[in-house]
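Participant: One file is attached below, protein.cif, containing mmCIF, C-alpha atoms.
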```
data_work
#
loop_
_atom_site.label_atom_id
_atom_site.label_comp_id
_atom_site.auth_asym_id
_atom_site.auth_seq_id
_atom_site.Cartn_x
_atom_site.Cartn_y
_atom_site.Cartn_z
CA MET U 14 85.98 44.40 28.33
CA LYS U 15 83.73 47.19 29.61
CA PRO U 16 85.12 50.73 29.25
CA VAL U 17 86.33 52.97 32.04
CA ALA U 18 84.07 56.01 32.42
CA ILE U 19 86.22 59.16 32.48
CA ILE U 20 84.34 62.06 34.09
CA LEU U 21 85.59 65.48 33.01
CA SER U 22 84.74 68.81 34.66
CA GLY U 23 85.64 71.20 31.83
CA CYS U 24 88.90 71.98 30.03
CA GLY U 25 91.69 73.83 31.85
CA VAL U 26 93.21 73.59 35.31
CA TYR U 27 91.68 76.73 36.85
CA ASP U 28 88.02 76.14 35.99
CA GLY U 29 87.84 72.58 34.63
CA SER U 30 89.85 69.40 34.18
CA GLU U 31 93.63 69.68 34.29
CA ILE U 32 94.70 68.96 30.73
CA THR U 33 98.00 67.11 31.20
CA GLU U 34 96.32 64.87 33.80
CA ALA U 35 93.34 64.16 31.57
CA ALA U 36 95.47 63.47 28.49
CA GLY U 37 98.03 61.54 30.57
CA LEU U 38 95.25 59.36 31.99
CA VAL U 39 93.89 58.64 28.52
CA ILE U 40 97.37 57.79 27.19
CA ALA U 41 98.01 55.50 30.18
CA LEU U 42 94.66 53.72 29.74
CA SER U 43 95.38 53.32 26.03
CA GLN U 44 98.86 51.93 26.73
CA ALA U 45 97.31 49.43 29.18
CA GLY U 46 94.73 48.34 26.61
CA LEU U 47 91.79 49.54 28.72
CA PRO U 48 88.94 51.06 26.68
CA TYR U 49 87.27 54.24 27.98
CA ARG U 50 84.39 56.62 27.36
CA PHE U 51 84.12 60.30 28.24
CA TYR U 52 81.30 61.93 30.23
CA ALA U 53 80.76 65.39 31.71
CA PRO U 54 77.95 67.26 33.49
CA ASP U 55 75.48 68.90 31.10
CA ARG U 56 75.34 72.27 32.89
CA ASP U 57 77.25 75.57 33.15
CA GLN U 58 80.65 75.82 34.83
CA MET U 59 80.84 77.62 38.22
CA HIS U 60 82.71 80.37 36.36
CA VAL U 61 85.32 80.96 33.64
CA VAL U 62 88.94 81.84 34.42
CA ASP U 63 91.12 83.57 31.81
CA HIS U 64 94.13 81.25 32.06
CA ALA U 65 96.50 83.84 30.54
CA ALA U 66 95.39 86.96 32.46
CA GLY U 67 94.56 85.04 35.63
CA GLY U 68 91.22 86.60 36.61
CA GLU U 69 87.59 85.62 36.27
CA ALA U 70 86.19 86.27 32.79
CA ASP U 71 82.74 87.84 32.25
CA GLU U 72 81.27 84.94 30.30
CA SER U 73 79.69 81.56 30.86
CA ARG U 74 80.72 78.21 29.45
CA HIS U 75 79.13 74.79 29.43
CA ILE U 76 81.02 71.96 31.17
CA LEU U 77 80.13 69.35 28.53
CA SER U 78 81.09 71.57 25.56
CA GLU U 79 84.44 72.49 27.09
CA ALA U 80 85.21 68.91 28.21
CA ALA U 81 84.52 67.85 24.61
CA ARG U 82 87.75 69.66 23.64
CA ILE U 83 89.71 67.04 25.58
CA ALA U 84 87.49 64.23 24.26
CA ARG U 85 87.77 65.31 20.58
CA GLY U 86 83.98 65.58 20.53
CA ASP U 87 83.34 61.97 21.58
CA ILE U 88 81.60 62.60 24.91
CA GLN U 89 78.21 62.01 26.52
CA PRO U 90 76.26 63.86 29.23
CA LEU U 91 76.92 62.50 32.70
CA ALA U 92 73.20 61.66 33.05
CA ALA U 93 73.65 59.08 30.25
CA LEU U 94 76.32 57.16 32.19
CA GLU U 95 75.14 53.67 33.11
CA VAL U 96 77.60 52.47 35.76
CA ALA U 97 76.75 48.82 35.08
CA ASP U 98 78.08 49.19 31.52
CA HIS U 99 81.54 50.29 32.73
CA SER U 100 84.43 48.56 34.47
CA ALA U 101 85.44 51.57 36.58
CA VAL U 102 85.06 55.34 36.96
CA ALA U 103 87.97 57.84 36.71
CA PHE U 104 88.22 61.53 37.63
CA PRO U 105 91.16 63.65 36.37
CA GLY U 106 92.02 66.62 38.60
CA GLY U 107 91.94 70.38 38.13
CA PHE U 108 89.93 73.00 40.02
CA GLY U 109 86.90 71.80 38.08
CA ALA U 110 86.67 68.88 40.53
CA ALA U 111 86.14 71.40 43.36
CA LYS U 112 84.03 73.84 41.30
CA ASN U 113 81.88 71.76 38.95
CA LEU U 114 81.69 68.23 40.43
CA CYS U 115 81.19 69.41 44.01
CA ASN U 116 80.98 72.93 45.47
CA PHE U 117 84.08 72.76 47.68
CA ALA U 118 85.51 75.93 46.09
CA SER U 119 82.64 77.98 47.48
CA ALA U 120 81.37 75.92 50.44
CA GLY U 121 84.59 74.48 51.88
CA GLU U 122 83.93 71.76 54.43
CA GLN U 123 80.16 72.24 53.97
CA ALA U 124 80.59 71.04 50.37
CA ARG U 125 78.21 68.63 48.66
CA LEU U 126 78.55 66.63 45.47
CA TYR U 127 76.33 67.86 42.65
CA ASP U 128 73.38 65.49 42.27
CA ASP U 129 74.46 64.13 38.87
CA VAL U 130 77.90 63.27 40.27
CA ALA U 131 76.51 61.80 43.52
CA ALA U 132 74.27 59.49 41.50
CA ILE U 133 77.31 58.02 39.74
CA THR U 134 79.56 57.63 42.79
CA ARG U 135 76.68 56.09 44.78
CA ALA U 136 76.04 53.56 42.02
CA ALA U 137 79.76 52.78 41.65
CA LEU U 138 80.22 52.16 45.39
CA ALA U 139 77.08 50.01 45.48
CA ALA U 140 78.17 47.96 42.46
CA ARG U 141 81.77 47.60 43.76
CA LYS U 142 83.24 49.32 40.68
CA PRO U 143 86.74 50.71 41.28
CA MET U 144 87.17 54.49 41.13
CA LEU U 145 90.37 56.40 40.33
CA ALA U 146 90.92 60.10 41.10
CA LEU U 147 93.87 62.40 40.41
CA CYS U 148 95.10 65.58 42.12
CA ALA U 149 92.14 67.43 43.74
CA ALA U 150 89.54 64.95 42.48
CA PRO U 151 89.91 62.65 45.53
CA LEU U 152 87.63 65.32 47.11
CA VAL U 153 84.84 63.75 45.07
CA LEU U 154 85.66 60.29 46.45
CA ALA U 155 85.91 61.63 50.02
CA LEU U 156 82.43 63.17 49.75
CA ALA U 157 81.09 60.01 48.12
CA ALA U 158 82.50 57.81 50.90
CA HIS U 159 81.11 60.20 53.53
CA ASP U 160 77.65 60.10 51.95
CA ALA U 161 77.81 56.27 51.92
CA GLY U 162 78.90 56.04 55.56
CA LEU U 163 82.29 54.60 54.58
CA GLN U 164 85.76 55.50 55.80
CA ALA U 165 88.06 55.65 52.79
CA THR U 166 91.83 56.09 52.62
CA LEU U 167 92.99 58.58 50.02
CA THR U 168 95.77 61.03 49.25
CA PHE U 169 96.19 64.71 48.41
CA GLY U 170 99.97 64.37 48.06
CA ASN U 171 102.26 66.00 50.56
CA PRO U 172 101.02 67.40 53.87
CA GLU U 173 101.80 71.01 52.93
CA GLU U 174 100.25 71.55 49.51
CA GLY U 175 97.32 69.23 50.18
CA ALA U 176 96.61 70.53 53.71
CA ALA U 177 93.24 72.21 53.09
CA LEU U 178 91.87 69.29 51.11
CA ALA U 179 93.16 66.70 53.59
CA LYS U 180 91.62 68.68 56.48
CA ALA U 181 88.26 68.71 54.73
CA ALA U 182 88.44 64.99 54.00
CA ARG U 183 89.20 64.32 57.67
CA ALA U 184 86.25 66.52 58.67
CA TRP U 185 84.13 64.21 56.50
CA GLY U 186 85.45 61.17 58.42
CA GLN U 187 87.97 60.06 55.82
CA HIS U 188 91.61 59.04 56.19
CA ALA U 189 94.04 61.28 54.19
CA VAL U 190 97.59 60.00 53.77
CA HIS U 191 100.84 61.22 52.27
CA ALA U 192 101.93 59.91 48.83
CA ALA U 193 104.76 60.72 46.43
CA VAL U 194 104.00 62.57 43.20
CA ASP U 195 104.15 59.43 41.06
CA GLU U 196 102.64 57.05 43.63
CA ALA U 197 99.13 55.58 43.71
CA CYS U 198 97.34 55.32 47.06
CA VAL U 199 95.18 52.19 47.00
CA ASP U 200 92.18 51.61 49.28
CA ALA U 201 91.56 47.95 48.48
CA ALA U 202 88.55 47.69 50.81
CA ASN U 203 86.64 50.46 49.05
CA LEU U 204 88.27 49.95 45.61
CA LEU U 205 89.55 53.53 45.45
CA VAL U 206 92.82 54.62 43.79
CA THR U 207 94.10 58.18 44.30
CA VAL U 208 97.18 59.85 42.80
CA PRO U 209 98.64 63.28 43.74
CA ALA U 210 99.82 64.44 40.26
CA TYR U 211 99.72 68.28 40.21
CA MET U 212 98.86 68.45 43.92
CA TYR U 213 102.62 68.82 43.82
CA GLY U 214 102.77 72.27 42.22
CA ALA U 215 106.35 71.74 41.00
CA ALA U 216 105.67 68.33 39.45
CA SER U 217 107.03 67.81 35.94
CA PRO U 218 104.76 66.50 33.17
CA ALA U 219 106.87 63.31 33.19
CA GLN U 220 106.12 62.85 36.92
CA VAL U 221 102.42 63.56 36.40
CA PHE U 222 102.32 60.99 33.61
CA ALA U 223 104.18 58.44 35.78
CA GLY U 224 101.44 59.02 38.36
CA CYS U 225 98.77 58.39 35.72
CA GLN U 226 100.50 55.13 34.79
CA ALA U 227 100.76 54.11 38.46
CA GLY U 228 97.07 54.84 38.95
CA VAL U 229 96.07 52.83 35.90
CA ALA U 230 98.28 49.90 36.99
CA ALA U 231 96.61 49.95 40.43
CA LEU U 232 93.18 50.08 38.77
CA GLN U 233 94.10 47.07 36.64
CA ARG U 234 95.08 45.09 39.74
CA LEU U 235 91.73 45.91 41.39
CA LEU U 236 89.90 44.89 38.20
CA ALA U 237 91.81 41.60 38.08
CA ASP U 238 90.96 40.64 41.69
CA MET N 10 120.28 74.01 27.88
CA LYS N 11 118.03 76.43 26.00
CA PRO N 12 114.31 75.58 26.04
CA VAL N 13 112.24 74.34 23.14
CA ALA N 14 109.63 76.94 22.13
CA ILE N 15 106.21 75.25 21.90
CA ILE N 16 103.84 77.28 19.73
CA LEU N 17 100.17 76.65 20.49
CA SER N 18 97.22 77.73 18.34
CA GLY N 19 94.41 77.55 20.93
CA CYS N 20 92.96 74.67 22.95
CA GLY N 21 90.93 71.97 21.24
CA VAL N 22 91.31 69.98 18.04
CA TYR N 23 88.62 71.71 15.94
CA ASP N 24 89.66 75.35 16.45
CA GLY N 25 93.04 75.22 18.22
CA SER N 26 95.81 72.88 19.31
CA GLU N 27 94.98 69.16 19.57
CA ILE N 28 95.12 68.48 23.30
CA THR N 29 96.50 64.93 23.44
CA GLU N 30 99.24 65.92 20.99
CA ALA N 31 100.14 69.07 22.95
CA ALA N 32 100.16 67.27 26.30
CA GLY N 33 101.90 64.22 24.80
CA LEU N 34 104.61 66.47 23.36
CA VAL N 35 105.15 68.14 26.73
CA ILE N 36 105.30 64.79 28.53
CA ALA N 37 107.78 63.45 25.95
CA LEU N 38 109.99 66.56 26.24
CA SER N 39 109.88 66.29 30.03
CA GLN N 40 110.78 62.58 29.92
CA ALA N 41 113.74 63.45 27.64
CA GLY N 42 114.92 66.16 30.04
CA LEU N 43 114.40 68.94 27.48
CA PRO N 44 113.12 72.21 28.95
CA TYR N 45 110.40 74.10 27.09
CA ARG N 46 108.42 77.36 27.07
CA PHE N 47 104.94 78.01 25.68
CA TYR N 48 103.99 80.75 23.21
CA ALA N 49 100.84 81.57 21.25
CA PRO N 50 99.62 84.33 18.94
CA ASP N 51 98.12 87.29 20.80
CA ARG N 52 95.03 87.66 18.60
CA ASP N 53 91.54 86.20 18.12
CA GLN N 54 90.96 82.69 16.81
CA MET N 55 89.56 82.29 13.28
CA HIS N 56 86.35 81.06 14.96
CA VAL N 57 85.08 78.95 17.85
CA VAL N 58 83.75 75.41 17.38
CA ASP N 59 81.44 73.85 19.96
CA HIS N 60 83.29 70.54 20.35
CA ALA N 61 80.21 68.76 21.80
CA ALA N 62 77.54 70.01 19.37
CA GLY N 63 79.90 70.17 16.40
CA GLY N 64 78.98 73.53 14.84
CA GLU N 65 80.46 77.00 14.91
CA ALA N 66 79.63 78.92 18.09
CA ASP N 67 78.56 82.58 18.04
CA GLU N 68 81.39 83.90 20.17
CA SER N 69 85.03 84.93 19.88
CA ARG N 70 88.01 83.62 21.81
CA HIS N 71 91.61 84.73 22.10
CA ILE N 72 94.29 82.26 20.96
CA LEU N 73 96.69 83.12 23.80
CA SER N 74 94.05 82.87 26.55
CA GLU N 75 92.81 79.50 25.29
CA ALA N 76 96.32 78.12 24.74
CA ALA N 77 97.07 79.12 28.35
CA ARG N 78 94.69 76.32 29.41
CA ILE N 79 97.19 73.78 28.08
CA ALA N 80 100.14 75.74 29.50
CA ARG N 81 98.62 76.09 33.01
CA GLY N 82 98.91 79.88 32.60
CA ASP N 83 102.66 79.87 31.96
CA ILE N 84 102.69 81.23 28.40
CA GLN N 85 103.96 84.28 26.51
CA PRO N 86 102.73 86.08 23.38
CA LEU N 87 104.37 84.81 20.22
CA ALA N 88 105.80 88.30 19.57
CA ALA N 89 107.94 87.87 22.71
CA LEU N 90 109.63 84.73 21.34
CA GLU N 91 113.36 85.30 20.75
CA VAL N 92 114.44 82.37 18.59
CA ALA N 93 118.09 82.80 19.62
CA ASP N 94 117.13 81.99 23.24
CA HIS N 95 115.66 78.60 22.28
CA SER N 96 117.11 75.29 21.11
CA ALA N 97 114.23 74.45 18.77
CA VAL N 98 110.64 75.28 17.86
CA ALA N 99 107.73 72.81 18.11
CA PHE N 100 104.17 72.94 16.75
CA PRO N 101 101.50 70.50 18.03
CA GLY N 102 98.70 69.77 15.55
CA GLY N 103 94.98 70.42 15.55
CA PHE N 104 92.93 72.51 13.11
CA GLY N 105 94.34 75.59 14.83
CA ALA N 106 97.50 75.10 12.78
CA ALA N 107 95.42 75.58 9.60
CA LYS N 108 93.12 78.25 11.07
CA ASN N 109 95.22 80.38 13.41
CA LEU N 110 98.89 79.91 12.40
CA CYS N 111 98.20 80.10 8.66
CA ASN N 112 94.94 80.58 6.75
CA PHE N 113 94.89 77.22 4.94
CA ALA N 114 91.37 76.46 6.25
CA SER N 115 89.95 79.41 4.29
CA ALA N 116 92.51 79.98 1.51
CA GLY N 117 93.58 76.42 0.63
CA GLU N 118 96.63 76.37 -1.61
CA GLN N 119 96.67 80.20 -1.63
CA ALA N 120 97.40 80.07 2.13
CA ARG N 121 99.95 82.32 3.84
CA LEU N 122 101.50 82.12 7.28
CA TYR N 123 100.31 84.83 9.66
CA ASP N 124 103.04 87.46 10.01
CA ASP N 125 103.84 86.66 13.65
CA VAL N 126 104.30 82.98 12.76
CA ALA N 127 106.33 83.72 9.61
CA ALA N 128 108.72 85.87 11.63
CA ILE N 129 109.50 82.91 13.90
CA THR N 130 109.88 80.25 11.20
CA ARG N 131 112.05 82.60 9.10
CA ALA N 132 114.33 83.25 12.09
CA ALA N 133 114.48 79.54 12.98
CA LEU N 134 115.44 78.52 9.42
CA ALA N 135 118.04 81.31 9.25
CA ALA N 136 119.55 80.32 12.61
CA ARG N 137 119.50 76.57 11.79
CA LYS N 138 117.24 75.77 14.76
CA PRO N 139 115.41 72.44 14.38
CA MET N 140 111.63 72.55 14.09
CA LEU N 141 109.17 69.78 15.00
CA ALA N 142 105.56 69.65 13.82
CA LEU N 143 102.77 67.15 14.53
CA CYS N 144 99.65 66.15 12.57
CA ALA N 145 98.45 69.10 10.40
CA ALA N 146 101.14 71.49 11.66
CA PRO N 147 103.69 70.42 9.00
CA LEU N 148 101.57 72.80 6.86
CA VAL N 149 103.33 75.60 8.74
CA LEU N 150 106.75 74.16 7.93
CA ALA N 151 105.80 73.62 4.27
CA LEU N 152 104.78 77.28 3.95
CA ALA N 153 107.92 78.39 5.81
CA ALA N 154 110.17 76.34 3.52
CA HIS N 155 108.32 77.68 0.47
CA ASP N 156 108.78 81.27 1.65
CA ALA N 157 112.50 80.60 2.19
CA GLY N 158 112.96 79.02 -1.24
CA LEU N 159 113.76 75.61 0.28
CA GLN N 160 112.48 72.16 -0.65
CA ALA N 161 111.65 70.33 2.56
CA THR N 162 110.62 66.71 3.08
CA LEU N 163 107.73 66.25 5.46
CA THR N 164 104.80 63.95 6.20
CA PHE N 165 101.05 64.17 6.60
CA GLY N 166 100.76 60.46 7.43
CA ASN N 167 99.09 58.10 5.00
CA PRO N 168 98.27 59.08 1.41
CA GLU N 169 94.49 58.92 1.97
CA GLU N 170 93.82 60.95 5.10
CA GLY N 171 96.62 63.44 4.42
CA ALA N 172 95.85 63.84 0.69
CA ALA N 173 94.63 67.47 0.70
CA LEU N 174 97.49 68.68 2.88
CA ALA N 175 100.13 66.74 0.92
CA LYS N 176 98.73 68.14 -2.36
CA ALA N 177 99.01 71.68 -1.01
CA ALA N 178 102.56 71.09 0.21
CA ARG N 179 103.50 69.77 -3.26
CA ALA N 180 101.91 72.84 -4.85
CA TRP N 181 104.27 74.87 -2.66
CA GLY N 182 107.25 72.91 -3.98
CA GLN N 183 107.65 70.63 -1.00
CA HIS N 184 108.15 66.85 -0.84
CA ALA N 185 105.38 65.06 1.12
CA VAL N 186 106.06 61.45 2.09
CA HIS N 187 104.18 58.61 3.78
CA ALA N 188 104.94 57.81 7.44
CA ALA N 189 103.44 55.46 10.01
CA VAL N 190 101.38 56.85 12.88
CA ASP N 191 104.20 56.55 15.41
CA GLU N 192 107.05 57.38 13.01
CA ALA N 193 109.03 60.63 12.74
CA CYS N 194 109.93 61.92 9.27
CA VAL N 195 113.33 63.61 9.50
CA ASP N 196 114.61 66.18 6.98
CA ALA N 197 118.20 66.40 8.18
CA ALA N 198 119.18 69.02 5.59
CA ASN N 199 116.54 71.49 6.74
CA LEU N 200 116.41 70.26 10.37
CA LEU N 201 112.69 69.51 10.21
CA VAL N 202 110.94 66.68 12.08
CA THR N 203 107.31 65.85 11.26
CA VAL N 204 105.04 63.24 12.86
CA PRO N 205 101.56 62.16 11.66
CA ALA N 206 99.87 61.61 15.06
CA TYR N 207 96.10 62.23 14.60
CA MET N 208 96.46 62.63 10.83
CA TYR N 209 95.53 58.98 11.31
CA GLY N 210 91.94 59.52 12.47
CA ALA N 211 91.78 56.10 14.12
CA ALA N 212 95.07 56.50 16.03
CA SER N 213 94.97 55.53 19.70
CA PRO N 214 96.28 57.95 22.33
CA ALA N 215 99.10 55.45 22.97
CA GLN N 216 100.08 55.64 19.27
CA VAL N 217 99.89 59.43 19.27
CA PHE N 218 102.12 59.53 22.34
CA ALA N 219 104.58 57.09 20.75
CA GLY N 220 104.72 59.52 17.82
CA CYS N 221 105.45 62.40 20.20
CA GLN N 222 108.27 60.37 21.74
CA ALA N 223 109.65 59.50 18.29
CA GLY N 224 109.54 63.16 17.29
CA VAL N 225 111.33 64.26 20.44
CA ALA N 226 113.99 61.56 20.00
CA ALA N 227 114.58 62.75 16.42
CA LEU N 228 114.78 66.35 17.65
CA GLN N 229 117.37 65.32 20.25
CA ARG N 230 119.49 63.68 17.56
CA LEU N 231 119.39 66.87 15.46
CA LEU N 232 120.31 68.94 18.52
CA ALA N 233 123.23 66.61 19.29
CA ASP N 234 124.69 66.87 15.75
#
```
Would you kindly transcribe this structure into structure tokens?

Facilitator:
Amino acid sequence: MKPVAIILSGCGVYDGSEITEAAGLVIALSQAGLPYRFYAPDRDQMHVVDHAAGGEADESRHILSEAARIARGDIQPLAALEVADHSAVAFPGGFGAAKNLCNFASAGEQARLYDDVAAITRAALAARKPMLALCAAPLVLALAAHDAGLQATLTFGNPEEGAALAKAARAWGQHAVHAAVDEACVDAANLLVTVPAYMYGAASPAQVFAGCQAGVAALQRLLAD
Amino acid sequence: MKPVAIILSGCGVYDGSEITEAAGLVIALSQAGLPYRFYAPDRDQMHVVDHAAGGEADESRHILSEAARIARGDIQPLAALEVADHSAVAFPGGFGAAKNLCNFASAGEQARLYDDVAAITRAALAARKPMLALCAAPLVLALAAHDAGLQATLTFGNPEEGAALAKAARAWGQHAVHAAVDEACVDAANLLVTVPAYMYGAASPAQVFAGCQAGVAALQRLLAD
């Protein structure tokens, strides 16, 4: 079976990939018997946030090097990802999705996917490979669907906490729906699975992991069809 | 119920806490309904390893700030940990246990616990609070038992991959035993639970998580006694 490509955006919720989501996704894929490979953009992060103090730190970090902390060193640059060699593509959440995969954090509804990310999502949509995104990462799928002239259905959780992201997705012509914290939203036409996870700020790690398992189960059903 | 104190040593297997183990432990505690709080030493890491390139990086990082990436910012300095306010103490693995909690990585069998860590393990042993350690972190418990004049039973997994750590623990008067990847070693006399996790280098994330669940279940049994 071809591996799932997991695309990381760094290491840490405020400037990279959310760690419990990324690890929970990997555990859920492993439990389901689905192989995977890690990839990340080979460029600097938008910025670095001191996760203890809370402010921006005066340093720069490299997305691939930080993402490698989650991947235990076994990771490749995103430019090396051949979509045809993978069964699906998966994006854990975290602010890195809005800072390092697209520029939503600075550009809002004028956001664009970074070129290396757009190349992958374009190839995945064209090849009919399922894509899974957690938390804020459905932003990436919304932009990808917009760029491809598709109308996708995806979720940013509840209407309150996900309001700004859902509004942006609607501005891009996409359909944003409500989903429970541990529920997968499935767009069977476009082969997209989205899961709220920590879009619910008060979610427990057990709920986030249940969401990862629900997302992987939905991905498996799309792969079996 | 009092929370479990989770003591992190950074963020990333080669210079801090192993991420799948730390997240897996948190998910397992959350599934079991056990509350927890994060702590980490408020000092610099031994060094920084570029997890993509593999070598030492020419920079310094702060253990607490990096550990906060796993804790989503909700973390306190280790010096603020009042053992009496917690039900138990837990140490995920990763090289950080041997680099930032004690100095085994540089001193080998002459290793000592850092003072802030020794203060916690001494208080936990004195107060009969259970302690749980994953992967390489049983090193911390072996040193703590040695310092307290106790003989503990603990595991570093299989005899091959854990050989150097088991040899050190034996030099410190401790009893190191074999355990399967997803098995918890329980020292009921000293209230210590140890789990091999990624001491098995080829362990899958599902196996590591099963080990976290086994460790938490053993901890619950000790807490119920």

Participant: Pull out every residue of chain N sitting within 9 Å of chain U, counting all atoms listed in the file, and send them as a CSV table (one decimal) with C-alpha atoms, in the coordinates of the input.

Facilitator:
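What ended up in result-v7.csv:
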```csv
chain,number,residue,atom,x,y,z
N,20,CYS,CA,93.0,74.7,23.0
N,21,GLY,CA,90.9,72.0,21.2
N,22,VAL,CA,91.3,70.0,18.0
N,23,TYR,CA,88.6,71.7,15.9
N,27,GLU,CA,95.0,69.2,19.6
N,28,ILE,CA,95.1,68.5,23.3
N,29,THR,CA,96.5,64.9,23.4
N,30,GLU,CA,99.2,65.9,21.0
N,31,ALA,CA,100.1,69.1,23.0
N,32,ALA,CA,100.2,67.3,26.3
N,33,GLY,CA,101.9,64.2,24.8
N,35,VAL,CA,105.2,68.1,26.7
N,36,ILE,CA,105.3,64.8,28.5
N,37,ALA,CA,107.8,63.4,26.0
N,38,LEU,CA,110.0,66.6,26.2
N,39,SER,CA,109.9,66.3,30.0
N,40,GLN,CA,110.8,62.6,29.9
N,41,ALA,CA,113.7,63.4,27.6
N,59,ASP,CA,81.4,73.8,20.0
N,60,HIS,CA,83.3,70.5,20.4
N,61,ALA,CA,80.2,68.8,21.8
N,62,ALA,CA,77.5,70.0,19.4
N,63,GLY,CA,79.9,70.2,16.4
N,73,LEU,CA,96.7,83.1,23.8
N,74,SER,CA,94.0,82.9,26.6
N,75,GLU,CA,92.8,79.5,25.3
N,76,ALA,CA,96.3,78.1,24.7
N,77,ALA,CA,97.1,79.1,28.4
N,78,ARG,CA,94.7,76.3,29.4
N,79,ILE,CA,97.2,73.8,28.1
N,80,ALA,CA,100.1,75.7,29.5
N,81,ARG,CA,98.6,76.1,33.0
N,82,GLY,CA,98.9,79.9,32.6
N,83,ASP,CA,102.7,79.9,32.0
N,84,ILE,CA,102.7,81.2,28.4
N,85,GLN,CA,104.0,84.3,26.5
N,213,SER,CA,95.0,55.5,19.7
N,214,PRO,CA,96.3,58.0,22.3
N,215,ALA,CA,99.1,55.4,23.0
N,216,GLN,CA,100.1,55.6,19.3
N,217,VAL,CA,99.9,59.4,19.3
N,218,PHE,CA,102.1,59.5,22.3
```

Participant: Just the number, please: distance in Å from CA of Phe47 in chain N to CA of Asp94 in chain N, one decimal.

Facilitator: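 CA of Asp94 in chain N lies 13.1 Å from CA of Phe47 in chain N.
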
Participant: Convert the output of the PyMOL selection byres ((chain U and resi 202) around 10) on the shown file into explicit residues, formatted as a list in words.

Facilitator: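 Written out, the selection comes to Arg141, Gln164, Ala165, Thr166, Val199, Asp200, Ala201, Asn203, Leu204 and Leu205 of chain U.
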
Participant: Could you give me, as a PDB file with C-alpha atoms, keeping the file's coordinate frame, the residues within 12 Å of Lys15 in chain U, counting only C-alpha atoms and dropping anything in the same chain fewer than 6 positions from it?

Facilitator:
```pdb
ATOM      1  CA  GLY U  46      94.730  48.340  26.610  1.00  0.00           C
ATOM      2  CA  LEU U  47      91.790  49.540  28.720  1.00  0.00           C
ATOM      3  CA  PRO U  48      88.940  51.060  26.680  1.00  0.00           C
ATOM      4  CA  TYR U  49      87.270  54.240  27.980  1.00  0.00           C
ATOM      5  CA  ARG U  50      84.390  56.620  27.360  1.00  0.00           C
ATOM      6  CA  GLU U  95      75.140  53.670  33.110  1.00  0.00           C
ATOM      7  CA  VAL U  96      77.600  52.470  35.760  1.00  0.00           C
ATOM      8  CA  ALA U  97      76.750  48.820  35.080  1.00  0.00           C
ATOM      9  CA  ASP U  98      78.080  49.190  31.520  1.00  0.00           C
ATOM     10  CA  HIS U  99      81.540  50.290  32.730  1.00  0.00           C
ATOM     11  CA  SER U 100      84.430  48.560  34.470  1.00  0.00           C
ATOM     12  CA  ALA U 101      85.440  51.570  36.580  1.00  0.00           C
ATOM     13  CA  VAL U 102      85.060  55.340  36.960  1.00  0.00           C
ATOM     14  CA  LYS U 142      83.240  49.320  40.680  1.00  0.00           C
ATOM     15  CA  LEU U 236      89.900  44.890  38.200  1.00  0.00           C
TER      16      LEU U 236
END
```

Participant: Please, what distance in Å, to one decimal, runs between CA of Leu143 in chain N and CA of Met10 in chain N?

Facilitator: 23.1 Å

Participant: Determine the nearest neighbour of Ala132 in chain N from the options N:Ala185, N:Ala154, N:Tyr207, N:Glu169, counting only C-alpha atoms.

Facilitator: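 Selected residue with least distance to Ala132 in chain N: N:Ala154.
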
Participant: Got a sec: who's within 8 Å of Ala92 in chain U, counting all atoms listed in the file, leaving out chain neighbours fewer than 5 positions off, as a compact mmCIF listing (two decimals) with C-alpha atoms, in the frame of the given file?

Facilitator:
```txt
# COMPACT_ATOMS: atom_id res chain seq x y z
CA PRO U 54 77.95 67.26 33.49
CA ASP U 55 75.48 68.90 31.10
CA ASP U 129 74.46 64.13 38.87
```

Participant: Using all atoms listed in the file, which of N:Leu152, N:Ala145, N:Ala14, N:Ala227 sits nearest Asp124 in chain N?

Facilitator: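 Under the stated criterion, the closest residue is N:Leu152.
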